[in-house]
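Participant: Sharing model02.cif below, mmCIF, C-alpha atoms and all ligand atoms:
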```cif
data_run
#
loop_
_atom_site.group_PDB
_atom_site.id
_atom_site.type_symbol
_atom_site.label_atom_id
_atom_site.label_comp_id
_atom_site.auth_asym_id
_atom_site.auth_seq_id
_atom_site.Cartn_x
_atom_site.Cartn_y
_atom_site.Cartn_z
ATOM 1 C CA MET A 1367 121.043 12.354 71.632
ATOM 2 C CA ALA A 1368 121.050 9.581 69.041
ATOM 3 C CA LYS A 1369 122.443 6.281 70.280
ATOM 4 C CA THR A 1370 125.531 5.044 68.443
ATOM 5 C CA VAL A 1371 125.364 1.552 66.960
ATOM 6 C CA LEU A 1372 128.127 -0.559 65.445
ATOM 7 C CA VAL A 1373 126.816 -3.334 63.179
ATOM 8 C CA THR A 1374 129.317 -5.866 61.856
ATOM 9 C CA GLY A 1375 128.695 -7.740 58.622
ATOM 10 C CA ALA A 1376 126.801 -4.760 57.205
ATOM 11 C CA SER A 1377 127.693 -5.415 53.559
ATOM 12 C CA SER A 1378 124.846 -7.878 52.975
ATOM 13 C CA GLY A 1379 121.862 -9.790 54.352
ATOM 14 C CA ILE A 1380 120.750 -9.225 57.945
ATOM 15 C CA GLY A 1381 123.556 -6.793 58.825
ATOM 16 C CA LYS A 1382 122.861 -4.531 55.870
ATOM 17 C CA ALA A 1383 119.103 -4.502 56.528
ATOM 18 C CA THR A 1384 119.697 -3.787 60.223
ATOM 19 C CA ALA A 1385 122.168 -0.948 59.602
ATOM 20 C CA ILE A 1386 119.802 0.760 57.147
ATOM 21 C CA TYR A 1387 116.701 0.201 59.308
ATOM 22 C CA LEU A 1388 118.330 1.601 62.452
ATOM 23 C CA ALA A 1389 119.726 4.617 60.549
ATOM 24 C CA GLN A 1390 116.222 5.284 59.195
ATOM 25 C CA ASN A 1391 114.983 5.178 62.777
ATOM 26 C CA GLY A 1392 117.296 7.877 64.041
ATOM 27 C CA TYR A 1393 120.292 5.893 65.311
ATOM 28 C CA ASN A 1394 123.864 6.957 64.581
ATOM 29 C CA VAL A 1395 124.920 3.814 62.725
ATOM 30 C CA TYR A 1396 128.356 2.535 61.771
ATOM 31 C CA GLY A 1397 128.235 -0.377 59.324
ATOM 32 C CA ALA A 1398 131.325 -2.577 59.128
ATOM 33 C CA ALA A 1399 132.538 -5.327 56.799
ATOM 34 C CA ARG A 1400 135.481 -6.303 54.590
ATOM 35 C CA ARG A 1401 134.003 -5.373 51.203
ATOM 36 C CA THR A 1402 134.718 -1.650 51.279
ATOM 37 C CA GLU A 1403 132.851 -0.695 48.106
ATOM 38 C CA ARG A 1404 129.670 -2.299 49.445
ATOM 39 C CA ILE A 1405 129.727 -0.525 52.777
ATOM 40 C CA GLN A 1406 130.620 2.772 51.112
ATOM 41 C CA ALA A 1407 127.315 2.410 49.257
ATOM 42 C CA LEU A 1408 125.493 2.464 52.623
ATOM 43 C CA LYS A 1409 126.338 6.158 52.979
ATOM 44 C CA THR A 1410 123.268 6.982 50.892
ATOM 45 C CA PHE A 1411 121.177 5.500 53.726
ATOM 46 C CA GLY A 1412 122.981 7.530 56.382
ATOM 47 C CA VAL A 1413 125.163 4.635 57.558
ATOM 48 C CA LYS A 1414 128.822 5.412 58.249
ATOM 49 C CA PRO A 1415 131.092 2.833 56.640
ATOM 50 C CA ILE A 1416 134.001 1.122 58.392
ATOM 51 C CA THR A 1417 136.251 -1.459 56.788
ATOM 52 C CA LEU A 1418 136.598 -4.328 59.228
ATOM 53 C CA ASP A 1419 137.824 -7.906 59.178
ATOM 54 C CA VAL A 1420 136.636 -9.527 62.408
ATOM 55 C CA SER A 1421 139.267 -12.254 62.116
ATOM 56 C CA LYS A 1422 142.056 -9.658 62.465
ATOM 57 C CA ASP A 1423 142.832 -8.119 65.814
ATOM 58 C CA GLU A 1424 144.421 -4.920 64.421
ATOM 59 C CA SER A 1425 141.377 -4.352 62.233
ATOM 60 C CA ILE A 1426 139.021 -4.754 65.223
ATOM 61 C CA SER A 1427 141.027 -2.348 67.400
ATOM 62 C CA ALA A 1428 141.124 0.248 64.607
ATOM 63 C CA ALA A 1429 137.357 0.030 64.028
ATOM 64 C CA ILE A 1430 136.497 0.430 67.713
ATOM 65 C CA GLU A 1431 138.975 3.279 68.061
ATOM 66 C CA GLN A 1432 137.457 5.095 65.082
ATOM 67 C CA VAL A 1433 133.879 4.874 66.424
ATOM 68 C CA LEU A 1434 134.898 5.926 69.927
ATOM 69 C CA LYS A 1435 136.913 8.862 68.554
ATOM 70 C CA GLU A 1436 134.140 10.081 66.276
ATOM 71 C CA ALA A 1437 131.016 9.302 68.306
ATOM 72 C CA GLY A 1438 132.366 9.190 71.865
ATOM 73 C CA SER A 1439 130.701 5.867 72.694
ATOM 74 C CA ILE A 1440 129.336 2.627 71.330
ATOM 75 C CA ASP A 1441 125.901 2.240 72.885
ATOM 76 C CA VAL A 1442 124.856 -0.788 70.870
ATOM 77 C CA LEU A 1443 127.198 -3.431 69.478
ATOM 78 C CA ILE A 1444 125.609 -5.825 66.997
ATOM 79 C CA ASN A 1445 127.839 -8.840 66.411
ATOM 80 C CA ASN A 1446 126.319 -9.992 63.162
ATOM 81 C CA ALA A 1447 129.321 -10.773 60.912
ATOM 82 C CA GLY A 1448 129.404 -14.457 60.212
ATOM 83 C CA SER A 1449 130.268 -17.080 57.691
ATOM 84 C CA GLY A 1450 129.182 -20.669 57.232
ATOM 85 C CA SER A 1451 131.723 -23.468 57.069
ATOM 86 C CA TYR A 1452 130.136 -26.599 55.673
ATOM 87 C CA GLY A 1453 131.278 -30.166 55.145
ATOM 88 C CA ALA A 1454 131.713 -33.295 57.248
ATOM 89 C CA LEU A 1455 134.084 -33.003 60.212
ATOM 90 C CA GLU A 1456 136.323 -35.607 58.577
ATOM 91 C CA ASP A 1457 136.569 -33.548 55.379
ATOM 92 C CA VAL A 1458 137.054 -30.001 56.714
ATOM 93 C CA PRO A 1459 140.693 -28.936 57.253
ATOM 94 C CA ILE A 1460 141.269 -27.849 60.841
ATOM 95 C CA THR A 1461 142.636 -24.495 59.605
ATOM 96 C CA GLU A 1462 139.179 -23.769 58.188
ATOM 97 C CA ALA A 1463 137.575 -24.823 61.467
ATOM 98 C CA ARG A 1464 139.816 -22.356 63.313
ATOM 99 C CA ASN A 1465 138.885 -19.610 60.874
ATOM 100 C CA GLN A 1466 135.191 -20.319 61.446
ATOM 101 C CA LEU A 1467 135.642 -19.801 65.168
ATOM 102 C CA GLU A 1468 137.768 -16.687 64.581
ATOM 103 C CA VAL A 1469 134.975 -15.054 62.582
ATOM 104 C CA ASN A 1470 131.845 -16.288 64.367
ATOM 105 C CA LEU A 1471 133.151 -16.376 67.951
ATOM 106 C CA PHE A 1472 136.507 -14.751 68.749
ATOM 107 C CA GLY A 1473 135.871 -11.722 66.530
ATOM 108 C CA ALA A 1474 132.649 -11.019 68.415
ATOM 109 C CA ALA A 1475 134.346 -11.612 71.767
ATOM 110 C CA ARG A 1476 137.183 -9.195 70.940
ATOM 111 C CA LEU A 1477 134.727 -6.492 69.850
ATOM 112 C CA ILE A 1478 132.842 -6.950 73.111
ATOM 113 C CA GLN A 1479 136.069 -6.673 75.136
ATOM 114 C CA LEU A 1480 136.936 -3.364 73.496
ATOM 115 C CA ALA A 1481 133.414 -1.911 73.641
ATOM 116 C CA LEU A 1482 132.792 -2.771 77.301
ATOM 117 C CA PRO A 1483 134.947 -0.176 79.127
ATOM 118 C CA LYS A 1484 133.013 2.773 77.648
ATOM 119 C CA MET A 1485 129.675 0.985 78.104
ATOM 120 C CA ARG A 1486 130.536 0.392 81.764
ATOM 121 C CA GLU A 1487 131.551 4.020 82.195
ATOM 122 C CA ASN A 1488 128.226 5.141 80.686
ATOM 123 C CA ARG A 1489 126.307 2.524 82.661
ATOM 124 C CA TYR A 1490 124.505 1.780 79.421
ATOM 125 C CA GLY A 1491 125.046 -0.754 76.664
ATOM 126 C CA LYS A 1492 123.344 -3.335 74.478
ATOM 127 C CA ILE A 1493 125.357 -6.242 73.156
ATOM 128 C CA ILE A 1494 123.430 -8.090 70.479
ATOM 129 C CA ASN A 1495 124.892 -11.416 69.391
ATOM 130 C CA LEU A 1496 123.616 -13.115 66.253
ATOM 131 C CA SER A 1497 123.343 -16.797 66.947
ATOM 132 C CA SER A 1498 120.975 -18.980 64.942
ATOM 133 C CA VAL A 1499 118.480 -21.793 65.290
ATOM 134 C CA GLY A 1500 121.761 -23.569 64.574
ATOM 135 C CA GLY A 1501 122.978 -22.395 67.980
ATOM 136 C CA LYS A 1502 120.542 -24.855 69.552
ATOM 137 C CA VAL A 1503 120.225 -27.473 66.786
ATOM 138 C CA GLY A 1504 123.302 -29.131 65.293
ATOM 139 C CA LEU A 1505 122.850 -30.260 61.703
ATOM 140 C CA PRO A 1506 125.214 -32.744 60.087
ATOM 141 C CA MET A 1507 127.614 -31.212 57.522
ATOM 142 C CA GLY A 1508 127.836 -27.979 59.468
ATOM 143 C CA VAL A 1509 129.864 -29.020 62.515
ATOM 144 C CA TRP A 1510 132.011 -25.889 62.774
ATOM 145 C CA TYR A 1511 129.205 -23.474 62.031
ATOM 146 C CA HIS A 1512 127.097 -25.083 64.753
ATOM 147 C CA ALA A 1513 130.036 -25.322 67.163
ATOM 148 C CA SER A 1514 130.582 -21.559 66.711
ATOM 149 C CA LYS A 1515 126.906 -20.739 67.243
ATOM 150 C CA PHE A 1516 126.514 -23.048 70.274
ATOM 151 C CA ALA A 1517 129.588 -21.265 71.650
ATOM 152 C CA ILE A 1518 128.134 -17.781 71.122
ATOM 153 C CA GLU A 1519 125.012 -18.937 72.994
ATOM 154 C CA GLY A 1520 127.108 -20.064 75.971
ATOM 155 C CA LEU A 1521 129.289 -16.964 75.860
ATOM 156 C CA SER A 1522 126.194 -14.761 75.871
ATOM 157 C CA ASP A 1523 124.634 -16.559 78.855
ATOM 158 C CA SER A 1524 127.829 -16.188 80.884
ATOM 159 C CA LEU A 1525 128.434 -12.596 79.846
ATOM 160 C CA ARG A 1526 124.854 -11.527 80.576
ATOM 161 C CA ASN A 1527 125.327 -12.116 84.271
ATOM 162 C CA GLU A 1528 128.769 -10.514 84.326
ATOM 163 C CA VAL A 1529 127.719 -7.166 82.885
ATOM 164 C CA ARG A 1530 124.148 -6.700 84.084
ATOM 165 C CA GLN A 1531 125.533 -4.955 87.212
ATOM 166 C CA PHE A 1532 126.846 -2.176 84.900
ATOM 167 C CA GLY A 1533 123.524 -1.559 83.173
ATOM 168 C CA ILE A 1534 124.511 -3.565 80.085
ATOM 169 C CA ASP A 1535 122.149 -6.043 78.407
ATOM 170 C CA VAL A 1536 123.268 -9.060 76.395
ATOM 171 C CA ILE A 1537 120.729 -10.213 73.847
ATOM 172 C CA VAL A 1538 120.865 -13.257 71.585
ATOM 173 C CA ILE A 1539 119.100 -13.296 68.229
ATOM 174 C CA GLU A 1540 118.180 -16.723 66.879
ATOM 175 C CA PRO A 1541 117.169 -16.428 63.231
ATOM 176 C CA GLY A 1542 115.791 -19.267 61.159
ATOM 177 C CA GLY A 1543 115.867 -19.203 57.348
ATOM 178 C CA THR A 1544 116.510 -15.656 56.163
ATOM 179 C CA LYS A 1545 117.298 -14.541 52.609
ATOM 180 C CA SER A 1546 120.999 -13.682 52.387
ATOM 181 C CA GLU A 1547 124.234 -14.699 50.693
ATOM 182 C CA MET A 1548 125.006 -17.256 53.360
ATOM 183 C CA THR A 1549 122.940 -20.194 52.126
ATOM 184 C CA THR A 1550 124.202 -19.892 48.550
ATOM 185 C CA ILE A 1551 127.853 -19.667 49.599
ATOM 186 C CA GLY A 1552 127.281 -22.480 52.119
ATOM 187 C CA SER A 1553 125.807 -24.857 49.541
ATOM 188 C CA GLU A 1554 128.768 -24.299 47.234
ATOM 189 C CA ALA A 1555 131.263 -24.905 50.040
ATOM 190 C CA LEU A 1556 129.437 -28.057 51.088
ATOM 191 C CA GLN A 1557 129.532 -29.399 47.562
ATOM 192 C CA ARG A 1558 133.236 -28.613 47.263
ATOM 193 C CA THR A 1559 134.152 -30.187 50.603
ATOM 194 C CA SER A 1560 131.957 -33.264 50.927
ATOM 195 C CA GLY A 1561 130.061 -33.484 47.617
ATOM 196 C CA ASP A 1562 132.335 -36.241 46.392
ATOM 197 C CA THR A 1563 133.422 -38.076 49.558
ATOM 198 C CA VAL A 1564 131.893 -40.900 51.603
ATOM 199 C CA TYR A 1565 129.561 -38.217 53.004
ATOM 200 C CA LYS A 1566 128.065 -37.235 49.645
ATOM 201 C CA GLY A 1567 124.695 -38.856 50.469
ATOM 202 C CA LEU A 1568 124.350 -36.682 53.571
ATOM 203 C CA ALA A 1569 125.653 -33.650 51.693
ATOM 204 C CA ASN A 1570 122.863 -34.102 49.143
ATOM 205 C CA GLY A 1571 120.303 -34.568 51.934
ATOM 206 C CA ILE A 1572 121.348 -31.344 53.627
ATOM 207 C CA LYS A 1573 121.381 -29.520 50.305
ATOM 208 C CA LYS A 1574 117.774 -30.619 49.764
ATOM 209 C CA MET A 1575 116.831 -29.400 53.235
ATOM 210 C CA TYR A 1576 118.472 -26.001 52.629
ATOM 211 C CA THR A 1577 116.771 -25.698 49.249
ATOM 212 C CA ASP A 1578 113.369 -26.318 50.904
ATOM 213 C CA MET A 1579 114.244 -23.798 53.617
ATOM 214 C CA GLU A 1580 115.324 -21.155 51.083
ATOM 215 C CA LYS A 1581 111.847 -21.242 49.549
ATOM 216 C CA ARG A 1582 110.380 -20.216 52.905
ATOM 217 C CA ALA A 1583 113.153 -17.831 53.947
ATOM 218 C CA VAL A 1584 112.028 -14.437 55.241
ATOM 219 C CA GLU A 1585 113.411 -11.050 54.188
ATOM 220 C CA PRO A 1586 116.286 -9.787 56.394
ATOM 221 C CA ILE A 1587 114.167 -6.822 57.511
ATOM 222 C CA VAL A 1588 112.183 -9.290 59.677
ATOM 223 C CA ILE A 1589 115.316 -9.933 61.731
ATOM 224 C CA ALA A 1590 116.270 -6.230 61.673
ATOM 225 C CA ARG A 1591 112.913 -5.402 63.306
ATOM 226 C CA LEU A 1592 113.517 -8.048 65.944
ATOM 227 C CA ILE A 1593 116.914 -6.551 66.723
ATOM 228 C CA LYS A 1594 115.401 -3.071 67.100
ATOM 229 C CA LYS A 1595 112.771 -4.511 69.421
ATOM 230 C CA GLY A 1596 115.527 -5.997 71.595
ATOM 231 C CA ILE A 1597 117.491 -2.729 71.654
ATOM 232 C CA GLU A 1598 114.465 -0.661 72.654
ATOM 233 C CA ALA A 1599 112.840 -2.993 75.199
ATOM 234 C CA LYS A 1600 113.071 -1.665 78.737
ATOM 235 C CA HIS A 1601 113.491 -5.212 79.993
ATOM 236 C CA PRO A 1602 114.735 -7.112 76.931
ATOM 237 C CA LYS A 1603 114.265 -10.830 76.576
ATOM 238 C CA THR A 1604 117.468 -12.852 76.658
ATOM 239 C CA ARG A 1605 116.642 -14.331 73.235
ATOM 240 C CA TYR A 1606 114.613 -13.230 70.233
ATOM 241 C CA ILE A 1607 113.532 -15.811 67.666
ATOM 242 C CA GLY A 1608 112.404 -15.133 64.084
ATOM 243 C CA GLY A 1609 112.641 -16.269 60.486
ATOM 244 C CA ALA A 1610 111.494 -19.375 58.646
ATOM 245 C CA MET A 1611 110.955 -22.478 60.775
ATOM 246 C CA ALA A 1612 112.713 -20.935 63.768
ATOM 247 C CA LYS A 1613 109.926 -21.198 66.339
ATOM 248 C CA PRO A 1614 108.761 -24.759 65.480
ATOM 249 C CA MET A 1615 112.343 -26.055 65.258
ATOM 250 C CA LEU A 1616 113.326 -24.608 68.625
ATOM 251 C CA TYR A 1617 110.117 -25.794 70.224
ATOM 252 C CA LEU A 1618 110.641 -29.361 68.997
ATOM 253 C CA ARG A 1619 114.283 -29.251 70.104
ATOM 254 C CA LYS A 1620 113.124 -28.260 73.568
ATOM 255 C CA ILE A 1621 110.444 -30.874 74.083
ATOM 256 C CA LEU A 1622 111.837 -33.911 72.257
ATOM 257 C CA SER A 1623 114.572 -36.278 73.327
ATOM 258 C CA ASP A 1624 117.818 -36.144 71.313
ATOM 259 C CA LYS A 1625 116.958 -39.392 69.555
ATOM 260 C CA MET A 1626 113.417 -38.425 68.682
ATOM 261 C CA PHE A 1627 114.619 -35.066 67.370
ATOM 262 C CA ASP A 1628 117.329 -36.804 65.257
ATOM 263 C CA LYS A 1629 114.682 -39.049 63.736
ATOM 264 C CA ILE A 1630 112.499 -36.142 62.645
ATOM 265 C CA LEU A 1631 115.490 -34.125 61.438
ATOM 266 C CA MET A 1632 116.939 -36.905 59.319
ATOM 267 C CA SER A 1633 113.530 -37.678 57.801
ATOM 268 C CA GLN A 1634 113.628 -34.166 56.258
ATOM 269 C CA MET A 1635 116.704 -35.083 54.218
ATOM 270 C CA LYS A 1636 115.137 -37.910 52.236
HETATM 271 P P1 LIG B 1701 125.497 -12.876 54.671
HETATM 272 O O1 LIG B 1701 126.463 -13.865 54.097
HETATM 273 O O2 LIG B 1701 124.539 -12.224 53.738
HETATM 274 O O3 LIG B 1701 126.292 -11.741 55.455
HETATM 275 C C1 LIG B 1701 127.395 -12.023 56.249
HETATM 276 C C2 LIG B 1701 128.108 -10.737 56.592
HETATM 277 O O4 LIG B 1701 129.226 -11.034 57.417
HETATM 278 C C3 LIG B 1701 128.620 -10.000 55.359
HETATM 279 O O5 LIG B 1701 128.355 -8.630 55.497
HETATM 280 C C4 LIG B 1701 130.114 -10.245 55.395
HETATM 281 O O6 LIG B 1701 130.798 -9.124 54.879
HETATM 282 C C5 LIG B 1701 130.361 -10.368 56.906
HETATM 283 N N1 LIG B 1701 131.593 -11.079 57.203
HETATM 284 C C6 LIG B 1701 131.924 -12.361 56.912
HETATM 285 N N2 LIG B 1701 133.183 -12.609 57.315
HETATM 286 C C7 LIG B 1701 133.651 -11.463 57.854
HETATM 287 C C8 LIG B 1701 134.893 -11.069 58.428
HETATM 288 N N3 LIG B 1701 135.940 -11.914 58.515
HETATM 289 N N4 LIG B 1701 135.018 -9.808 58.891
HETATM 290 C C9 LIG B 1701 133.987 -8.927 58.796
HETATM 291 N N5 LIG B 1701 132.804 -9.223 58.261
HETATM 292 C C10 LIG B 1701 132.643 -10.484 57.793
HETATM 293 O O7 LIG B 1701 124.760 -13.667 55.825
HETATM 294 P P2 LIG B 1701 123.539 -13.344 56.820
HETATM 295 O O8 LIG B 1701 123.072 -11.969 56.684
HETATM 296 O O9 LIG B 1701 122.606 -14.439 56.640
HETATM 297 O O10 LIG B 1701 124.273 -13.572 58.209
HETATM 298 C C11 LIG B 1701 124.318 -12.638 59.270
HETATM 299 C C12 LIG B 1701 124.341 -13.381 60.587
HETATM 300 O O11 LIG B 1701 123.084 -14.050 60.775
HETATM 301 C C13 LIG B 1701 125.417 -14.449 60.687
HETATM 302 O O12 LIG B 1701 126.015 -14.414 61.964
HETATM 303 C C14 LIG B 1701 124.654 -15.740 60.496
HETATM 304 O O13 LIG B 1701 125.268 -16.834 61.106
HETATM 305 C C15 LIG B 1701 123.315 -15.393 61.134
HETATM 306 N N6 LIG B 1701 122.202 -16.235 60.690
HETATM 307 C C16 LIG B 1701 121.746 -16.194 59.392
HETATM 308 C C17 LIG B 1701 120.706 -17.014 58.989
HETATM 309 C C18 LIG B 1701 120.148 -17.023 57.586
HETATM 310 O O14 LIG B 1701 119.282 -17.869 57.275
HETATM 311 N N7 LIG B 1701 120.569 -16.144 56.703
HETATM 312 C C19 LIG B 1701 120.066 -17.936 59.932
HETATM 313 C C20 LIG B 1701 120.640 -17.903 61.243
HETATM 314 C C21 LIG B 1701 121.651 -17.081 61.600
HETATM 315 P P3 LIG B 1701 132.157 -9.123 54.031
HETATM 316 O O15 LIG B 1701 132.229 -10.399 53.268
HETATM 317 O O16 LIG B 1701 132.032 -7.903 53.162
HETATM 318 O O17 LIG B 1701 133.235 -8.970 55.061
#
```
Mind turning the file's structure into structure tokens?
Facilitator:
Amino acid sequence: MAKTVLVTGASSGIGKATAIYLAQNGYNVYGAARRTERIQALKTFGVKPITLDVSKDESISAAIEQVLKEAGSIDVLINNAGSGSYGALEDVPITEARNQLEVNLFGAARLIQLALPKMRENRYGKIINLSSVGGKVGLPMGVWYHASKFAIEGLSDSLRNEVRQFGIDVIVIEPGGTKSEMTTIGSEALQRTSGDTVYKGLANGIKKMYTDMEKRAVEPIVIARLIKKGIEAKHPKTRYIGGAMAKPMLYLRKILSDKMFDKILMSQMK
């Protein structure tokens, strides 16, 4: 029988590509996001749409309930929904910081909580958490985005060893530059928040770095294929890395001291 997958953030970018790709490969896919008209359009690809706001508890409970009622289980949960909060820590209102963690961290955690009982009962489950190269590398002007992604890395490491005993795998995906709406929206937010403050020099530097990265960004299908590989591996890796600059960045982060890495990083912003 086809495995049931719930993909959050399926209205664009990586989530949309993943939902379509898995449906084309025989999975029973539910694609969730806030923009209803966009996810309704996924029906033509065989993806079942669910309206979901991962920052709202009632919305999360309703989505999980609907999938469990219709499909009987959630075999694969792909926590992909995410947004990018940009701007210097001093400039970003703390309400926005909280919202960033609601979407990128607590939303995923709540979905996991509600999906786990059935996964445990079935002694089968794949929890795929979308982190980022930014879950290992903290760039200036993205403090809350990076804090949320570092947190999802830690959460995933802890969770992996809690649920392995029930036959459930926890897999982290660490994309580098990937074509999506995120970078465009992020650049605008950065400009709005810190484009005219004492941090405007750094904001311009980061914008330059993102613009360079966008030129090399891969298509979202590259990450979708990586996710499928993780789902189907008999003994999945704990982390899958893909997308522009991901492997070299993570390698340098691993081998260099903090200060040496900072030096190289900041030289890219000039
Ligand atoms: P997009 O901006 O294209 O897609 C983000 C998705 O998340 C949209 O479908 C959006 O749907 C959804 N989303 C945002 N907020 C909420 C919310 N409150 N509730 C439900 N859904 C929400 O970005 P990407 O495809 O690039 O991002 C996907 C994931 O990949 C993210 O976790 C991101 O951090 C990660 N990533 C992306 C990289 C890249 O270069 N693109 C690099 C590294 C990691 P809607 O607005 O309709 O709700």
Participant: Can you list every residue of chain A that has an atom at most 7 Å from ligand LIG 1701 (chain B), with its nearest atom pair and the distance in Å to one decimal, using all atoms listed in the file, ordered by chain then number, as a Markdown table?
Facilitator:
```
| residue | atom | partner | partner_atom | distance |
| --- | --- | --- | --- | --- |
| A:Thr1374 | CA | B:LIG1701 | N5 | 6.0 |
| A:Gly1375 | CA | B:LIG1701 | O5 | 3.3 |
| A:Ala1376 | CA | B:LIG1701 | O5 | 4.5 |
| A:Ser1377 | CA | B:LIG1701 | O5 | 3.8 |
| A:Ser1378 | CA | B:LIG1701 | O5 | 4.4 |
| A:Gly1379 | CA | B:LIG1701 | O8 | 3.4 |
| A:Ile1380 | CA | B:LIG1701 | O8 | 3.8 |
| A:Gly1381 | CA | B:LIG1701 | O8 | 5.6 |
| A:Lys1382 | CA | B:LIG1701 | O5 | 6.9 |
| A:Ala1398 | CA | B:LIG1701 | N5 | 6.9 |
| A:Ala1399 | CA | B:LIG1701 | O17 | 4.1 |
| A:Arg1400 | CA | B:LIG1701 | O17 | 3.5 |
| A:Arg1401 | CA | B:LIG1701 | O16 | 3.8 |
| A:Leu1418 | CA | B:LIG1701 | C9 | 5.3 |
| A:Asp1419 | CA | B:LIG1701 | N4 | 3.4 |
| A:Val1420 | CA | B:LIG1701 | N4 | 3.9 |
| A:Ser1421 | CA | B:LIG1701 | N3 | 4.9 |
| A:Asn1446 | CA | B:LIG1701 | O12 | 4.6 |
| A:Ala1447 | CA | B:LIG1701 | O4 | 3.5 |
| A:Gly1448 | CA | B:LIG1701 | O12 | 3.8 |
| A:Ser1449 | CA | B:LIG1701 | C6 | 5.1 |
| A:Gly1450 | CA | B:LIG1701 | O13 | 6.7 |
| A:Val1469 | CA | B:LIG1701 | N3 | 5.2 |
| A:Asn1470 | CA | B:LIG1701 | O12 | 6.6 |
| A:Leu1496 | CA | B:LIG1701 | O12 | 5.1 |
| A:Ser1497 | CA | B:LIG1701 | C21 | 5.6 |
| A:Ser1498 | CA | B:LIG1701 | C20 | 3.9 |
| A:Val1499 | CA | B:LIG1701 | C20 | 6.0 |
| A:Gly1500 | CA | B:LIG1701 | C20 | 6.7 |
| A:Glu1540 | CA | B:LIG1701 | C20 | 6.3 |
| A:Pro1541 | CA | B:LIG1701 | C20 | 4.3 |
| A:Gly1542 | CA | B:LIG1701 | C19 | 4.6 |
| A:Gly1543 | CA | B:LIG1701 | O14 | 3.7 |
| A:Thr1544 | CA | B:LIG1701 | O14 | 3.7 |
| A:Lys1545 | CA | B:LIG1701 | N7 | 5.5 |
| A:Ser1546 | CA | B:LIG1701 | O2 | 4.1 |
| A:Glu1547 | CA | B:LIG1701 | O2 | 3.9 |
| A:Met1548 | CA | B:LIG1701 | O1 | 3.8 |
| A:Thr1549 | CA | B:LIG1701 | N7 | 6.6 |
| A:Ala1583 | CA | B:LIG1701 | O14 | 7.0 |
```
Participant: Please save C-alpha atoms of the selected residues as a PDB file, in the frame of the given file.
Facilitator:
```pdb
ATOM      1  CA  THR A1374     129.317  -5.866  61.856  1.00  0.00           C
ATOM      2  CA  GLY A1375     128.695  -7.740  58.622  1.00  0.00           C
ATOM      3  CA  ALA A1376     126.801  -4.760  57.205  1.00  0.00           C
ATOM      4  CA  SER A1377     127.693  -5.415  53.559  1.00  0.00           C
ATOM      5  CA  SER A1378     124.846  -7.878  52.975  1.00  0.00           C
ATOM      6  CA  GLY A1379     121.862  -9.790  54.352  1.00  0.00           C
ATOM      7  CA  ILE A1380     120.750  -9.225  57.945  1.00  0.00           C
ATOM      8  CA  GLY A1381     123.556  -6.793  58.825  1.00  0.00           C
ATOM      9  CA  LYS A1382     122.861  -4.531  55.870  1.00  0.00           C
ATOM     10  CA  ALA A1398     131.325  -2.577  59.128  1.00  0.00           C
ATOM     11  CA  ALA A1399     132.538  -5.327  56.799  1.00  0.00           C
ATOM     12  CA  ARG A1400     135.481  -6.303  54.590  1.00  0.00           C
ATOM     13  CA  ARG A1401     134.003  -5.373  51.203  1.00  0.00           C
ATOM     14  CA  LEU A1418     136.598  -4.328  59.228  1.00  0.00           C
ATOM     15  CA  ASP A1419     137.824  -7.906  59.178  1.00  0.00           C
ATOM     16  CA  VAL A1420     136.636  -9.527  62.408  1.00  0.00           C
ATOM     17  CA  SER A1421     139.267 -12.254  62.116  1.00  0.00           C
ATOM     18  CA  ASN A1446     126.319  -9.992  63.162  1.00  0.00           C
ATOM     19  CA  ALA A1447     129.321 -10.773  60.912  1.00  0.00           C
ATOM     20  CA  GLY A1448     129.404 -14.457  60.212  1.00  0.00           C
ATOM     21  CA  SER A1449     130.268 -17.080  57.691  1.00  0.00           C
ATOM     22  CA  GLY A1450     129.182 -20.669  57.232  1.00  0.00           C
ATOM     23  CA  VAL A1469     134.975 -15.054  62.582  1.00  0.00           C
ATOM     24  CA  ASN A1470     131.845 -16.288  64.367  1.00  0.00           C
ATOM     25  CA  LEU A1496     123.616 -13.115  66.253  1.00  0.00           C
ATOM     26  CA  SER A1497     123.343 -16.797  66.947  1.00  0.00           C
ATOM     27  CA  SER A1498     120.975 -18.980  64.942  1.00  0.00           C
ATOM     28  CA  VAL A1499     118.480 -21.793  65.290  1.00  0.00           C
ATOM     29  CA  GLY A1500     121.761 -23.569  64.574  1.00  0.00           C
ATOM     30  CA  GLU A1540     118.180 -16.723  66.879  1.00  0.00           C
ATOM     31  CA  PRO A1541     117.169 -16.428  63.231  1.00  0.00           C
ATOM     32  CA  GLY A1542     115.791 -19.267  61.159  1.00  0.00           C
ATOM     33  CA  GLY A1543     115.867 -19.203  57.348  1.00  0.00           C
ATOM     34  CA  THR A1544     116.510 -15.656  56.163  1.00  0.00           C
ATOM     35  CA  LYS A1545     117.298 -14.541  52.609  1.00  0.00           C
ATOM     36  CA  SER A1546     120.999 -13.682  52.387  1.00  0.00           C
ATOM     37  CA  GLU A1547     124.234 -14.699  50.693  1.00  0.00           C
ATOM     38  CA  MET A1548     125.006 -17.256  53.360  1.00  0.00           C
ATOM     39  CA  THR A1549     122.940 -20.194  52.126  1.00  0.00           C
ATOM     40  CA  ALA A1583     113.153 -17.831  53.947  1.00  0.00           C
TER      41      ALA A1583
END
```
Participant: Leaving out range 1518-1523 of chain A and any residue of its chain fewer than 3 positions from it, which residues lie within 8 Å of it when counting all atoms listed in the file, given as a VMD selection string?
Facilitator: chain A and resid 1470 to 1471 1495 1497 1501 1514 to 1515 1526 to 1527 1536 to 1538
Participant: The centre and edge lengths of an axis-aligned box containing all atoms of range 1467-1470 of chain A present in the file, extended by 3 Å on each side, are to be given in Å to one decimal, as JSON.
Facilitator:
```
{"center_x": 134.8, "center_y": -17.4, "center_z": 63.9, "size_x": 11.9, "size_y": 10.7, "size_z": 8.6}
```
